[in-house]
$ cat target33.cif   # mmCIF, C-alpha atoms, pLDDT in the B column; chains and numbers go by the auth columns
data_start
#
loop_
_atom_site.group_PDB
_atom_site.id
_atom_site.type_symbol
_atom_site.label_atom_id
_atom_site.label_comp_id
_atom_site.label_asym_id
_atom_site.label_seq_id
_atom_site.Cartn_x
_atom_site.Cartn_y
_atom_site.Cartn_z
_atom_site.B_iso_or_equiv
_atom_site.auth_seq_id
_atom_site.auth_asym_id
ATOM 1 C CA MET A 1 14.404 -4.215 26.493 47.00 1 H
ATOM 2 C CA SER A 2 13.523 -7.030 24.157 53.00 2 H
ATOM 3 C CA ASP A 3 15.655 -7.852 21.158 63.00 3 H
ATOM 4 C CA PRO A 4 13.683 -7.139 17.976 60.00 4 H
ATOM 5 C CA GLU A 5 15.750 -9.658 16.028 55.00 5 H
ATOM 6 C CA THR A 6 14.499 -12.541 18.116 62.00 6 H
ATOM 7 C CA SER A 7 11.023 -11.182 18.775 69.00 7 H
ATOM 8 C CA SER A 8 7.918 -13.011 17.703 91.00 8 H
ATOM 9 C CA PHE A 9 6.415 -9.971 16.000 97.00 9 H
ATOM 10 C CA LEU A 10 8.651 -10.864 13.059 97.00 10 H
ATOM 11 C CA ASP A 11 7.233 -14.386 12.956 97.00 11 H
ATOM 12 C CA ALA A 12 3.677 -13.026 12.889 97.00 12 H
ATOM 13 C CA VAL A 13 4.348 -11.464 9.496 98.00 13 H
ATOM 14 C CA GLN A 14 3.376 -13.525 6.461 98.00 14 H
ATOM 15 C CA TRP A 15 6.497 -13.066 4.352 98.00 15 H
ATOM 16 C CA THR A 16 6.429 -13.745 0.614 97.00 16 H
ATOM 17 C CA GLN A 17 8.413 -16.629 -0.856 96.00 17 H
ATOM 18 C CA GLU A 18 11.241 -14.118 -1.319 96.00 18 H
ATOM 19 C CA GLY A 19 11.013 -13.251 2.381 98.00 19 H
ATOM 20 C CA LEU A 20 9.468 -9.816 1.800 98.00 20 H
ATOM 21 C CA VAL A 21 6.424 -7.833 2.894 98.00 21 H
ATOM 22 C CA PRO A 22 4.937 -4.756 1.171 98.00 22 H
ATOM 23 C CA VAL A 23 5.068 -1.592 3.281 98.00 23 H
ATOM 24 C CA ILE A 24 2.963 1.532 2.821 99.00 24 H
ATOM 25 C CA ALA A 25 4.451 4.799 4.096 98.00 25 H
ATOM 26 C CA GLN A 26 1.886 7.402 5.106 98.00 26 H
ATOM 27 C CA ASP A 27 2.629 10.949 6.266 98.00 27 H
ATOM 28 C CA ALA A 28 1.521 11.001 9.901 98.00 28 H
ATOM 29 C CA THR A 29 0.502 14.642 9.731 97.00 29 H
ATOM 30 C CA SER A 30 -1.162 15.099 6.344 97.00 30 H
ATOM 31 C CA GLY A 31 -2.352 11.525 5.891 98.00 31 H
ATOM 32 C CA ARG A 32 -0.960 11.470 2.370 98.00 32 H
ATOM 33 C CA VAL A 33 0.326 8.101 1.172 98.00 33 H
ATOM 34 C CA LEU A 34 3.863 8.781 0.059 98.00 34 H
ATOM 35 C CA MET A 35 5.139 5.468 -1.291 98.00 35 H
ATOM 36 C CA MET A 36 5.063 1.701 -1.110 98.00 36 H
ATOM 37 C CA ALA A 37 8.239 -0.309 -0.704 98.00 37 H
ATOM 38 C CA TRP A 38 9.327 -3.694 0.645 98.00 38 H
ATOM 39 C CA MET A 39 10.993 -5.005 3.775 98.00 39 H
ATOM 40 C CA ASN A 40 12.623 -8.276 4.724 98.00 40 H
ATOM 41 C CA ARG A 41 13.144 -9.415 8.317 97.00 41 H
ATOM 42 C CA GLU A 42 16.380 -7.502 8.649 97.00 42 H
ATOM 43 C CA ALA A 43 14.833 -4.277 7.294 98.00 43 H
ATOM 44 C CA LEU A 44 11.893 -4.468 9.686 98.00 44 H
ATOM 45 C CA THR A 45 14.233 -5.212 12.579 97.00 45 H
ATOM 46 C CA LEU A 46 16.416 -2.207 11.700 98.00 46 H
ATOM 47 C CA THR A 47 13.333 -0.001 11.232 98.00 47 H
ATOM 48 C CA VAL A 48 12.185 -0.834 14.755 97.00 48 H
ATOM 49 C CA GLN A 49 15.654 -0.444 16.245 97.00 49 H
ATOM 50 C CA GLU A 50 16.535 2.815 14.483 98.00 50 H
ATOM 51 C CA LYS A 51 13.018 4.314 14.477 98.00 51 H
ATOM 52 C CA ARG A 52 13.448 5.287 10.825 98.00 52 H
ATOM 53 C CA ALA A 53 12.297 3.496 7.690 98.00 53 H
ATOM 54 C CA VAL A 54 14.725 0.903 6.394 98.00 54 H
ATOM 55 C CA TYR A 55 13.564 -0.998 3.315 98.00 55 H
ATOM 56 C CA TRP A 56 14.837 -3.844 1.159 98.00 56 H
ATOM 57 C CA SER A 57 15.696 -2.637 -2.323 97.00 57 H
ATOM 58 C CA ARG A 58 14.518 -5.287 -4.756 96.00 58 H
ATOM 59 C CA SER A 59 16.363 -3.691 -7.670 95.00 59 H
ATOM 60 C CA ARG A 60 19.668 -3.409 -5.812 96.00 60 H
ATOM 61 C CA GLN A 61 19.075 -6.481 -3.622 97.00 61 H
ATOM 62 C CA LYS A 62 20.295 -4.772 -0.500 98.00 62 H
ATOM 63 C CA ILE A 63 19.204 -2.959 2.630 98.00 63 H
ATOM 64 C CA TRP A 64 18.082 0.572 1.806 97.00 64 H
ATOM 65 C CA ARG A 65 18.087 3.171 4.553 98.00 65 H
ATOM 66 C CA LYS A 66 15.530 5.579 3.107 98.00 66 H
ATOM 67 C CA GLY A 67 17.146 9.005 2.840 96.00 67 H
ATOM 68 C CA GLU A 68 20.720 7.767 3.153 94.00 68 H
ATOM 69 C CA GLU A 69 21.687 9.721 0.032 91.00 69 H
ATOM 70 C CA SER A 70 18.950 12.340 -0.287 92.00 70 H
ATOM 71 C CA GLY A 71 18.603 13.102 3.398 95.00 71 H
ATOM 72 C CA HIS A 72 14.883 12.447 3.052 96.00 72 H
ATOM 73 C CA ILE A 73 14.694 10.215 6.094 98.00 73 H
ATOM 74 C CA GLN A 74 11.384 8.823 7.320 98.00 74 H
ATOM 75 C CA ASN A 75 11.060 8.910 11.098 98.00 75 H
ATOM 76 C CA ILE A 76 8.679 6.282 12.446 98.00 76 H
ATOM 77 C CA ARG A 77 5.675 7.223 14.534 98.00 77 H
ATOM 78 C CA GLU A 78 3.769 3.944 14.302 98.00 78 H
ATOM 79 C CA ILE A 79 3.831 0.565 12.565 98.00 79 H
ATOM 80 C CA ARG A 80 0.674 -1.422 11.832 98.00 80 H
ATOM 81 C CA LEU A 81 0.010 -4.880 10.400 98.00 81 H
ATOM 82 C CA ASP A 82 -3.059 -5.832 8.386 98.00 82 H
ATOM 83 C CA CYS A 83 -5.594 -8.593 9.060 98.00 83 H
ATOM 84 C CA ASP A 84 -3.873 -11.064 6.720 97.00 84 H
ATOM 85 C CA ASN A 85 -0.454 -10.369 8.266 98.00 85 H
ATOM 86 C CA ASP A 86 0.948 -9.607 4.849 98.00 86 H
ATOM 87 C CA VAL A 87 1.012 -5.806 4.584 98.00 87 H
ATOM 88 C CA LEU A 88 2.553 -3.178 6.876 98.00 88 H
ATOM 89 C CA ILE A 89 1.768 0.517 7.118 99.00 89 H
ATOM 90 C CA LEU A 90 4.098 3.083 8.630 98.00 90 H
ATOM 91 C CA GLN A 91 2.998 6.413 10.006 98.00 91 H
ATOM 92 C CA ILE A 92 6.001 8.566 9.313 98.00 92 H
ATOM 93 C CA GLU A 93 7.416 12.024 9.559 98.00 93 H
ATOM 94 C CA GLN A 94 8.932 12.739 6.140 98.00 94 H
ATOM 95 C CA VAL A 95 12.078 14.814 6.511 98.00 95 H
ATOM 96 C CA GLY A 96 12.290 17.417 3.724 97.00 96 H
ATOM 97 C CA GLY A 97 8.705 16.768 2.666 97.00 97 H
ATOM 98 C CA ILE A 98 9.872 14.684 -0.290 97.00 98 H
ATOM 99 C CA ALA A 99 9.497 10.910 -0.493 98.00 99 H
ATOM 100 C CA CYS A 100 9.792 10.305 -4.246 97.00 100 H
ATOM 101 C CA HIS A 101 13.056 9.962 -6.140 95.00 101 H
ATOM 102 C CA THR A 102 11.564 12.326 -8.760 97.00 102 H
ATOM 103 C CA GLY A 103 11.665 15.118 -6.170 97.00 103 H
ATOM 104 C CA ARG A 104 7.928 15.038 -5.486 98.00 104 H
ATOM 105 C CA GLU A 105 6.203 14.769 -2.141 98.00 105 H
ATOM 106 C CA SER A 106 4.613 11.433 -3.032 98.00 106 H
ATOM 107 C CA CYS A 107 5.356 8.688 -5.539 98.00 107 H
ATOM 108 C CA PHE A 108 1.655 8.739 -6.457 98.00 108 H
ATOM 109 C CA TYR A 109 1.693 11.863 -8.620 98.00 109 H
ATOM 110 C CA ARG A 110 -0.186 10.577 -11.674 98.00 110 H
ATOM 111 C CA VAL A 111 -3.973 10.373 -11.891 98.00 111 H
ATOM 112 C CA LEU A 112 -5.997 8.319 -14.354 98.00 112 H
ATOM 113 C CA LYS A 113 -7.975 10.753 -16.493 97.00 113 H
ATOM 114 C CA GLU A 114 -9.541 9.944 -19.834 94.00 114 H
ATOM 115 C CA SER A 115 -7.650 6.655 -19.970 94.00 115 H
ATOM 116 C CA THR A 116 -4.215 8.207 -19.488 96.00 116 H
ATOM 117 C CA TRP A 117 -1.968 8.757 -16.483 98.00 117 H
ATOM 118 C CA GLN A 118 -1.675 12.502 -16.055 98.00 118 H
ATOM 119 C CA ILE A 119 0.939 14.149 -13.833 98.00 119 H
ATOM 120 C CA VAL A 120 -0.826 16.395 -11.334 98.00 120 H
ATOM 121 C CA ASP A 121 1.824 17.087 -8.670 98.00 121 H
ATOM 122 C CA PRO A 122 4.828 19.405 -8.941 98.00 122 H
ATOM 123 C CA VAL A 123 8.503 18.556 -8.569 98.00 123 H
ATOM 124 C CA LEU A 124 9.513 20.250 -5.318 97.00 124 H
ATOM 125 C CA LYS A 125 13.230 19.756 -5.825 95.00 125 H
ATOM 126 C CA GLU A 126 15.052 18.565 -8.924 93.00 126 H
ATOM 127 C CA PRO A 127 16.736 15.241 -8.176 89.00 127 H
ATOM 128 C CA GLY A 128 20.495 15.593 -7.891 74.00 128 H
ATOM 129 C CA MET B 1 -15.561 7.158 -25.177 47.00 1 Q
ATOM 130 C CA SER B 2 -12.446 5.039 -25.206 53.00 2 Q
ATOM 131 C CA ASP B 3 -12.585 1.368 -24.375 63.00 3 Q
ATOM 132 C CA PRO B 4 -10.659 0.713 -21.136 60.00 4 Q
ATOM 133 C CA GLU B 5 -9.911 -2.862 -22.187 55.00 5 Q
ATOM 134 C CA THR B 6 -7.853 -1.715 -25.145 62.00 6 Q
ATOM 135 C CA SER B 7 -6.451 1.441 -23.568 69.00 7 Q
ATOM 136 C CA SER B 8 -2.778 2.011 -23.103 91.00 8 Q
ATOM 137 C CA PHE B 9 -3.143 2.973 -19.448 97.00 9 Q
ATOM 138 C CA LEU B 10 -3.230 -0.765 -18.778 97.00 10 Q
ATOM 139 C CA ASP B 11 0.053 -1.249 -20.631 97.00 11 Q
ATOM 140 C CA ALA B 12 1.705 1.472 -18.549 97.00 12 Q
ATOM 141 C CA VAL B 13 1.295 -0.648 -15.442 98.00 13 Q
ATOM 142 C CA GLN B 14 4.245 -2.853 -14.494 98.00 14 Q
ATOM 143 C CA TRP B 15 2.402 -6.082 -13.765 98.00 15 Q
ATOM 144 C CA THR B 16 4.052 -8.816 -11.696 97.00 16 Q
ATOM 145 C CA GLN B 17 4.943 -12.142 -13.266 96.00 17 Q
ATOM 146 C CA GLU B 18 1.515 -13.324 -12.142 96.00 18 Q
ATOM 147 C CA GLY B 19 -0.038 -10.359 -13.950 98.00 19 Q
ATOM 148 C CA LEU B 20 -0.958 -8.486 -10.780 98.00 20 Q
ATOM 149 C CA VAL B 21 -0.433 -5.070 -9.224 98.00 21 Q
ATOM 150 C CA PRO B 22 -0.814 -4.141 -5.537 98.00 22 Q
ATOM 151 C CA VAL B 23 -3.580 -1.623 -4.860 98.00 23 Q
ATOM 152 C CA ILE B 24 -3.939 0.579 -1.792 99.00 24 Q
ATOM 153 C CA ALA B 25 -7.470 1.708 -0.897 98.00 25 Q
ATOM 154 C CA GLN B 26 -7.652 4.995 0.984 98.00 26 Q
ATOM 155 C CA ASP B 27 -10.794 6.614 2.359 98.00 27 Q
ATOM 156 C CA ALA B 28 -11.178 9.792 0.304 98.00 28 Q
ATOM 157 C CA THR B 29 -12.750 11.686 3.189 97.00 29 Q
ATOM 158 C CA SER B 30 -10.809 10.632 6.292 97.00 30 Q
ATOM 159 C CA GLY B 31 -7.543 9.754 4.559 98.00 31 Q
ATOM 160 C CA ARG B 32 -7.376 6.480 6.452 98.00 32 Q
ATOM 161 C CA VAL B 33 -5.764 3.615 4.568 98.00 33 Q
ATOM 162 C CA LEU B 34 -8.336 0.848 4.663 98.00 34 Q
ATOM 163 C CA MET B 35 -6.686 -2.112 2.927 98.00 35 Q
ATOM 164 C CA MET B 36 -4.300 -3.340 0.294 98.00 36 Q
ATOM 165 C CA ALA B 37 -5.369 -5.853 -2.321 98.00 37 Q
ATOM 166 C CA TRP B 38 -4.404 -6.892 -5.845 98.00 38 Q
ATOM 167 C CA MET B 39 -5.726 -6.337 -9.357 98.00 39 Q
ATOM 168 C CA ASN B 40 -5.078 -7.953 -12.700 98.00 40 Q
ATOM 169 C CA ARG B 41 -5.839 -6.276 -16.040 97.00 41 Q
ATOM 170 C CA GLU B 42 -9.438 -7.428 -15.977 97.00 42 Q
ATOM 171 C CA ALA B 43 -9.985 -6.159 -12.414 98.00 43 Q
ATOM 172 C CA LEU B 44 -8.556 -2.723 -13.226 98.00 44 Q
ATOM 173 C CA THR B 45 -10.621 -2.554 -16.401 97.00 45 Q
ATOM 174 C CA LEU B 46 -13.787 -3.419 -14.465 98.00 46 Q
ATOM 175 C CA THR B 47 -12.891 -0.948 -11.701 98.00 47 Q
ATOM 176 C CA VAL B 48 -12.660 1.858 -14.259 97.00 48 Q
ATOM 177 C CA GLN B 49 -15.818 0.787 -16.086 97.00 49 Q
ATOM 178 C CA GLU B 50 -17.967 0.241 -12.996 98.00 50 Q
ATOM 179 C CA LYS B 51 -16.451 3.046 -10.869 98.00 51 Q
ATOM 180 C CA ARG B 52 -16.224 0.680 -7.896 98.00 52 Q
ATOM 181 C CA ALA B 53 -13.285 -1.366 -6.645 98.00 53 Q
ATOM 182 C CA VAL B 54 -12.933 -4.760 -8.293 98.00 54 Q
ATOM 183 C CA TYR B 55 -9.932 -6.803 -7.153 98.00 55 Q
ATOM 184 C CA TRP B 56 -8.334 -10.128 -8.032 98.00 56 Q
ATOM 185 C CA SER B 57 -8.637 -12.563 -5.140 97.00 57 Q
ATOM 186 C CA ARG B 58 -5.352 -14.449 -4.922 96.00 58 Q
ATOM 187 C CA SER B 59 -6.764 -16.989 -2.466 95.00 59 Q
ATOM 188 C CA ARG B 60 -9.848 -17.753 -4.565 96.00 60 Q
ATOM 189 C CA GLN B 61 -8.144 -17.027 -7.896 97.00 61 Q
ATOM 190 C CA LYS B 62 -11.068 -15.062 -9.234 98.00 62 Q
ATOM 191 C CA ILE B 63 -12.443 -11.577 -9.769 98.00 63 Q
ATOM 192 C CA TRP B 64 -13.649 -10.120 -6.495 97.00 64 Q
ATOM 193 C CA ARG B 65 -16.176 -7.302 -6.585 98.00 65 Q
ATOM 194 C CA LYS B 66 -15.450 -5.754 -3.186 98.00 66 Q
ATOM 195 C CA GLY B 67 -18.695 -5.701 -1.206 96.00 67 Q
ATOM 196 C CA GLU B 68 -20.523 -8.207 -3.378 94.00 68 Q
ATOM 197 C CA GLU B 69 -21.477 -10.205 -0.267 91.00 69 Q
ATOM 198 C CA SER B 70 -21.115 -7.697 2.572 92.00 70 Q
ATOM 199 C CA GLY B 71 -22.530 -4.703 0.725 95.00 71 Q
ATOM 200 C CA HIS B 72 -19.366 -2.807 1.673 96.00 72 Q
ATOM 201 C CA ILE B 73 -18.763 -1.469 -1.807 98.00 73 Q
ATOM 202 C CA GLN B 74 -15.916 0.950 -2.532 98.00 74 Q
ATOM 203 C CA ASN B 75 -16.925 3.734 -4.901 98.00 75 Q
ATOM 204 C CA ILE B 76 -14.005 5.186 -6.819 98.00 76 Q
ATOM 205 C CA ARG B 77 -13.148 8.854 -6.645 98.00 77 Q
ATOM 206 C CA GLU B 78 -9.637 8.695 -8.100 98.00 78 Q
ATOM 207 C CA ILE B 79 -6.976 6.223 -9.235 98.00 79 Q
ATOM 208 C CA ARG B 80 -3.265 7.007 -9.087 98.00 80 Q
ATOM 209 C CA LEU B 81 -0.141 5.186 -10.245 98.00 81 Q
ATOM 210 C CA ASP B 82 3.247 5.424 -8.585 98.00 82 Q
ATOM 211 C CA CYS B 83 6.577 6.460 -10.095 98.00 83 Q
ATOM 212 C CA ASP B 84 7.681 2.869 -10.734 97.00 84 Q
ATOM 213 C CA ASN B 85 4.347 1.990 -12.373 98.00 85 Q
ATOM 214 C CA ASP B 86 3.943 -0.924 -10.011 98.00 86 Q
ATOM 215 C CA VAL B 87 1.556 0.273 -7.285 98.00 87 Q
ATOM 216 C CA LEU B 88 -1.919 1.819 -7.542 98.00 88 Q
ATOM 217 C CA ILE B 89 -3.794 3.856 -4.974 99.00 89 Q
ATOM 218 C CA LEU B 90 -7.550 4.348 -4.990 98.00 90 Q
ATOM 219 C CA GLN B 91 -9.331 7.217 -3.317 98.00 91 Q
ATOM 220 C CA ILE B 92 -12.603 5.624 -2.351 98.00 92 Q
ATOM 221 C CA GLU B 93 -15.882 6.189 -0.628 98.00 93 Q
ATOM 222 C CA GLN B 94 -16.327 3.175 1.665 98.00 94 Q
ATOM 223 C CA VAL B 95 -19.995 2.198 1.832 98.00 95 Q
ATOM 224 C CA GLY B 96 -20.924 1.157 5.376 97.00 96 Q
ATOM 225 C CA GLY B 97 -17.659 2.489 6.776 97.00 97 Q
ATOM 226 C CA ILE B 98 -16.223 -1.029 6.994 97.00 98 Q
ATOM 227 C CA ALA B 99 -13.485 -2.337 4.706 98.00 99 Q
ATOM 228 C CA CYS B 100 -12.129 -5.280 6.727 97.00 100 Q
ATOM 229 C CA HIS B 101 -13.619 -8.771 6.745 95.00 101 Q
ATOM 230 C CA THR B 102 -13.259 -8.701 10.559 97.00 102 Q
ATOM 231 C CA GLY B 103 -15.928 -5.974 10.673 97.00 103 Q
ATOM 232 C CA ARG B 104 -13.468 -3.166 11.323 98.00 104 Q
ATOM 233 C CA GLU B 105 -13.117 0.090 9.446 98.00 105 Q
ATOM 234 C CA SER B 106 -9.591 -0.720 8.285 98.00 106 Q
ATOM 235 C CA CYS B 107 -7.578 -3.917 7.888 98.00 107 Q
ATOM 236 C CA PHE B 108 -4.727 -2.137 9.698 98.00 108 Q
ATOM 237 C CA TYR B 109 -6.074 -2.458 13.234 98.00 109 Q
ATOM 238 C CA ARG B 110 -2.959 -3.795 14.996 98.00 110 Q
ATOM 239 C CA VAL B 111 -0.103 -1.606 16.197 98.00 111 Q
ATOM 240 C CA LEU B 112 3.404 -2.735 17.096 98.00 112 Q
ATOM 241 C CA LYS B 113 3.889 -2.021 20.804 97.00 113 Q
ATOM 242 C CA GLU B 114 6.563 -3.557 22.973 94.00 114 Q
ATOM 243 C CA SER B 115 7.387 -6.075 20.251 94.00 115 Q
ATOM 244 C CA THR B 116 3.838 -7.384 19.907 96.00 116 Q
ATOM 245 C CA TRP B 117 0.959 -6.587 17.561 98.00 117 Q
ATOM 246 C CA GLN B 118 -1.780 -5.096 19.695 98.00 118 Q
ATOM 247 C CA ILE B 119 -5.361 -4.653 18.506 98.00 119 Q
ATOM 248 C CA VAL B 120 -6.346 -1.017 18.895 98.00 120 Q
ATOM 249 C CA ASP B 121 -9.484 -0.650 16.747 98.00 121 Q
ATOM 250 C CA PRO B 122 -12.984 -1.895 17.551 98.00 122 Q
ATOM 251 C CA VAL B 123 -15.162 -4.306 15.585 98.00 123 Q
ATOM 252 C CA LEU B 124 -17.956 -2.120 14.225 97.00 124 Q
ATOM 253 C CA LYS B 125 -20.097 -5.019 13.066 95.00 125 Q
ATOM 254 C CA GLU B 126 -19.643 -8.717 13.780 93.00 126 Q
ATOM 255 C CA PRO B 127 -18.951 -10.542 10.499 89.00 127 Q
ATOM 256 C CA GLY B 128 -21.956 -12.588 9.388 74.00 128 Q
#

$ encode --input "target33.cif" --output "structure tokens"
Amino acid sequence: MSDPETSSFLDAVQWTQEGLVPVIAQDATSGRVLMMAWMNREALTLTVQEKRAVYWSRSRQKIWRKGEESGHIQNIREIRLDCDNDVLILQIEQVGGIACHTGRESCFYRVLKESTWQIVDPVLKEPG
Amino acid sequence: MSDPETSSFLDAVQWTQEGLVPVIAQDATSGRVLMMAWMNREALTLTVQEKRAVYWSRSRQKIWRKGEESGHIQNIREIRLDCDNDVLILQIEQVGGIACHTGRESCFYRVLKESTWQIVDPVLKEPG
């Protein structure tokens, strides 16, 4: 088994100056885009090793195992890289059916209508 | 009719220091994520006005009307904003069924397998 930490797939990624890459998480079953977050090399390495989404929290400046507090883990089905090597997309299985910290399925719950952002999706579980 | 240029929906967006926001384009019919690009205020304003995707090209540093050369226009069905106000997602109708400059349906045509990025999607039309 190869060691993800030393594997060249990490070098293929075009990291930002801060050493990050944007990552889209898509529900593998429904196809719904649930969120976008960021990874650094360590987060991508851990994601591959643990087969669950591990991001880099820009606000907290630390590794963020998605679901570590809420239990809303994202199990990885597939990881893809885009043509410019600077965006990743994960096909995931969203445990609990909730990806957003607001308790909604997806972070994209507001639609632009008549020049305002209108909430169109329900809160499935009040955040604790 | 309100003027998008002066509308507060633009102010709700958390623009980067460079005045940009990442934008995910998803095929409204198939649910496939086709690409991620960037918009500035002008690009989002034009997207809303023209009902087709208009991005900001970071490499060329100019407004980029998607499909202006290839004809692969993206007609807008819906625009959503995420919970942190810093990512947009477009539901689009992809004219020609090709979003990627490589002539593929989606820019995400490489999958991580055995620690390498393997091409799994065909070129539908050789780029001109």

$ interface_residues --input "target33.cif" --of "chain H" --to "chain Q" --cutoff "7 Å" --atoms "only C-alpha atoms" --output "PyMOL selection string"
chain H and resi 4+7+9+31+79-83+107-112+115-117

$ atom_distance --input "target33.cif" --atom1 "atom CA of H:Lys125" --atom2 "atom CA of Q:Gln91"
25.9 Å

$ resolve_selection --input "target33.cif" --expression "the PyMOL selection byres ((chain H and resi 76) around 10)" --output "ChimeraX atom specification"
/H:25,27-28,47-48,50-53,73-75,77-79,90-94

$ resolve_selection --input "target33.cif" --expression "the PyMOL selection byres ((chain Q and resi 60-62) around 12)" --output "list of chain:residue names"
Q:Glu18, Q:Leu20, Q:Trp38, Q:Met39, Q:Asn40, Q:Glu42, Q:Ala43, Q:Val54, Q:Tyr55, Q:Trp56, Q:Ser57, Q:Arg58, Q:Ser59, Q:Ile63, Q:Trp64, Q:Arg65, Q:Lys66

$ atom_distance --input "target33.cif" --atom1 "atom CA of H:Gln14" --atom2 "atom CA of Q:Gln17"
19.8 Å

$ axis_aligned_box --input "target33.cif" --around "stretch 69-87 of chain Q" --padding-each-side "4 Å" --output "lines of an AutoDock Vina configuration file"
center_x = -7.4
center_y = -0.7
center_z = -4.9
size_x = 38.2
size_y = 27.1
size_z = 22.9

$ atom_distance --input "target33.cif" --atom1 "atom CA of H:Ala99" --atom2 "atom CA of Q:Glu105"
27.0 Å

$ build_atoms --input "target33.cif" --residues "stretch 21-41 of chain H" --atoms "N, CA and C atoms" --output "short mmCIF file (atom, residue, chain, number, x, y, z; two decimals), in the frame of the given file"
data_model
loop_
_atom_site.label_atom_id
_atom_site.label_comp_id
_atom_site.auth_asym_id
_atom_site.auth_seq_id
_atom_site.Cartn_x
_atom_site.Cartn_y
_atom_site.Cartn_z
N VAL H 21 7.79 -8.28 2.60
CA VAL H 21 6.42 -7.83 2.89
C VAL H 21 6.28 -6.42 2.32
N PRO H 22 5.15 -6.12 1.67
CA PRO H 22 4.94 -4.76 1.17
C PRO H 22 4.64 -3.80 2.32
N VAL H 23 5.17 -2.58 2.21
CA VAL H 23 5.07 -1.59 3.28
C VAL H 23 4.60 -0.25 2.70
N ILE H 24 3.51 0.24 3.22
CA ILE H 24 2.96 1.53 2.82
C ILE H 24 3.51 2.59 3.78
N ALA H 25 3.99 3.70 3.24
CA ALA H 25 4.45 4.80 4.10
C ALA H 25 3.47 5.96 3.96
N GLN H 26 2.89 6.33 5.09
CA GLN H 26 1.89 7.40 5.11
C GLN H 26 2.38 8.55 5.98
N ASP H 27 2.24 9.77 5.49
CA ASP H 27 2.63 10.95 6.27
C ASP H 27 1.71 11.05 7.48
N ALA H 28 2.31 11.03 8.67
CA ALA H 28 1.52 11.00 9.90
C ALA H 28 0.73 12.28 10.11
N THR H 29 1.18 13.35 9.53
CA THR H 29 0.50 14.64 9.73
C THR H 29 -0.58 14.88 8.68
N SER H 30 -0.21 14.78 7.41
CA SER H 30 -1.16 15.10 6.34
C SER H 30 -2.05 13.92 5.97
N GLY H 31 -1.60 12.71 6.29
CA GLY H 31 -2.35 11.52 5.89
C GLY H 31 -2.09 11.10 4.46
N ARG H 32 -1.24 11.82 3.76
CA ARG H 32 -0.96 11.47 2.37
C ARG H 32 -0.12 10.19 2.31
N VAL H 33 -0.49 9.29 1.40
CA VAL H 33 0.33 8.10 1.17
C VAL H 33 1.48 8.50 0.27
N LEU H 34 2.68 8.27 0.75
CA LEU H 34 3.86 8.78 0.06
C LEU H 34 4.50 7.75 -0.88
N MET H 35 4.48 6.50 -0.49
CA MET H 35 5.14 5.47 -1.29
C MET H 35 4.77 4.08 -0.79
N MET H 36 5.10 3.08 -1.59
CA MET H 36 5.06 1.70 -1.11
C MET H 36 6.41 1.08 -1.44
N ALA H 37 6.97 0.37 -0.47
CA ALA H 37 8.24 -0.31 -0.70
C ALA H 37 8.17 -1.68 -0.02
N TRP H 38 9.30 -2.33 0.09
CA TRP H 38 9.33 -3.69 0.64
C TRP H 38 10.32 -3.80 1.79
N MET H 39 10.05 -4.69 2.71
CA MET H 39 10.99 -5.00 3.78
C MET H 39 11.20 -6.51 3.86
N ASN H 40 12.40 -6.90 4.29
CA ASN H 40 12.62 -8.28 4.72
C ASN H 40 12.76 -8.24 6.25
N ARG H 41 13.07 -9.37 6.85
CA ARG H 41 13.14 -9.41 8.32
C ARG H 41 14.19 -8.44 8.86
#
